[in-house]
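Quick notes on the structure that follows.
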Amino acid sequence: MDQAYRYIPSLLALACMACATGRSASPPLPRWPLPGESVRWEPVPGVSVIAPPLPPAKPEPERSATHAECKHLDPSAIIDLASRATTLFVCSWYHHDSDRQLRMDWSANIFDPEASPEDNLQRLEREQVRPFAGAEYTRLPAPWVGWEWHKAVREWGGPGPGENISDRWIVVGRGLLFLQTISLENDPFPEGEAFLDSLRVTATEQR
């Protein structure tokens with residue numbers, strides 16, 4: 001019996017080594033965009049954000065790849081302020097492995113030309129933000145004229161992890177800019193915060 005006990009420390013050491021080996025062999029959590037992959041993207045003249053570049057036209061990417069696209073949509077098919085737009089332009093970026101998404105919508109000429117930015121802000125709140133976000137939204141700080149909403153939405157994620165969603169609606173002249181980031185719950189997604197905070201609007205677009 002004493003001889004058997006002599007083997008216990010060695011067995012425990014081997015078990016610990018196996019655990020450590022298993023931990024070191026675990027794949028790292030995916031990050032997206034990869035370092036050096038982000039660029040300043042200007043899908044609309046005068047409006048730009050930091051986002052992954054759009055790949056050249058090619059077949060549907062594999063599930064393990066980053067997917068990026070920009071397209072025009074029919075405003076008449078939208079049931080909100082964007083239905084009045086003369087142009088509705090949407091850019092989205094996805095990473096299939098990490099369930100992360102960035103989105104940017106541009107709705108041109110939805111506000112009256114004689115209305116002030118504050119009038120447009122109140123109309124945006126009344127017709128789009130409040131019906132969607134209830135009382136859980138806040139006003140964006142200057143220089144932006146807009147609203148933001150953040151929520152961890154478990155009921156939309158099914159039985160698994162929920163999602164962190166951040167939305168921003170911004171009045172730009174007569175147009176409306178919508179920015180969105182989505183990631184899994186408890187995923188800090190610093191690239192998403194950088195995307196939201198990188199918005200740049202030139203004087204040309206503000207006229």
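In the structure tokens, each chain is lettered A, B, ... as it comes, each chain's residues begin at 1, and ligands are numbered from 1 in order of appearance.
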
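Within the 9 Å cut-off around Ile50 (chain A), using only C-alpha atoms and omitting residues fewer than 5 positions from it on the same chain, the listed residues are Ser38, Val39, Arg40, Trp41, Glu42, Ala194, Phe195, Leu196, Asp197, Ser198 and Leu199 of chain A.
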
Item to check | Contacts of region 102-104 of chain A at 10 Å (only C-alpha atoms; same-chain gap of 2+ positions) as a ChimeraX atom specification | outcome: /A:43,48-49,51-52,68-70,89-95,100,106,166-168,177-183,191-192,195-196

Item to check | Neighbour list for region 72-79 of chain A as a list in words, cut-off 8 Å, only C-alpha atoms, skip fewer than 4 positions in-chain | outcome: Ser83, Arg84, Ala85, Thr86, Thr87, Leu88, Phe89 and Val90 of chain A

Hey, can you spit out that residue selection with C-alpha atoms as an mmCIF file, in the first residue's frame?
```
data_model
loop_
_atom_site.group_PDB
_atom_site.id
_atom_site.type_symbol
_atom_site.label_atom_id
_atom_site.label_comp_id
_atom_site.auth_asym_id
_atom_site.auth_seq_id
_atom_site.Cartn_x
_atom_site.Cartn_y
_atom_site.Cartn_z
ATOM 1 C CA SER A 83 -39.107 55.165 -46.650
ATOM 2 C CA ARG A 84 -39.002 58.871 -47.584
ATOM 3 C CA ALA A 85 -35.382 58.716 -48.735
ATOM 4 C CA THR A 86 -34.362 59.419 -52.301
ATOM 5 C CA THR A 87 -31.403 57.065 -51.756
ATOM 6 C CA LEU A 88 -31.003 54.264 -49.224
ATOM 7 C CA PHE A 89 -27.475 52.877 -49.092
ATOM 8 C CA VAL A 90 -26.462 50.068 -46.696
#
```

Next on the checklist: If we count only C-alpha atoms and set the cut-off at 10 Å, which residues sit around Leu140 (chain A), ignoring sequence neighbours fewer than 4 positions away in its own chain? Please answer as a PyMOL selection string.
Outcome noted: chain A and resi 144-149+168-170

Next on the checklist: Just want the 7 Å neighbourhood of Val153 (chain A), counted on only C-alpha atoms, with same-chain residues fewer than 6 positions away dropped. Output as a list in words.
Outcome noted: Gly162, Glu163 and Asn164 of chain A

Expected file contents, prior selection, N, CA, C and O atoms, as a PDB file, in the first residue's frame:
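part12.pdb was written with the following content:
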```
ATOM      1  N   GLY A 162     -26.836  35.807 -25.343  1.00  0.00           N
ATOM      2  CA  GLY A 162     -27.536  36.929 -25.946  1.00  0.00           C
ATOM      3  C   GLY A 162     -26.593  37.777 -26.773  1.00  0.00           C
ATOM      4  O   GLY A 162     -25.458  37.369 -27.069  1.00  0.00           O
ATOM      5  N   GLU A 163     -27.057  38.970 -27.142  1.00  0.00           N
ATOM      6  CA  GLU A 163     -26.272  39.851 -27.992  1.00  0.00           C
ATOM      7  C   GLU A 163     -26.164  41.228 -27.366  1.00  0.00           C
ATOM      8  O   GLU A 163     -27.094  41.707 -26.722  1.00  0.00           O
ATOM      9  N   ASN A 164     -25.018  41.861 -27.559  1.00  0.00           N
ATOM     10  CA  ASN A 164     -24.848  43.272 -27.249  1.00  0.00           C
ATOM     11  C   ASN A 164     -25.113  44.067 -28.519  1.00  0.00           C
ATOM     12  O   ASN A 164     -24.466  43.824 -29.538  1.00  0.00           O
TER      13      ASN A 164
END
```

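A straight line drawn from CA of Ala65 (chain A) to CA of Gly36 (chain A) is 16.2 Å long.
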
Checklist entry - What gap, in Å, lies between CA of Glu37 (chain A) and CA of His67 (chain A)? => result 13.0 Å

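For the pair CA of Val201 (chain A) and CA of Ala115 (chain A), the interatomic distance is 19.6 Å.
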
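The helix (DSSP H, G or I) portion of region 70-187 of chain A consists of A:Pro75, A:Ser76, A:Ala77, A:Leu81, A:Ala82, A:Ser83, A:Arg84, A:Pro117, A:Glu118, A:Asp119, A:Asn120, A:Leu121, A:Gln122, A:Arg123, A:Leu124, A:Glu125, A:Arg126, A:Glu127, A:Gln128, A:Val129, A:Arg130, A:Pro131, A:Phe132, A:Ala133, with states taken from DSSP on the backbone.
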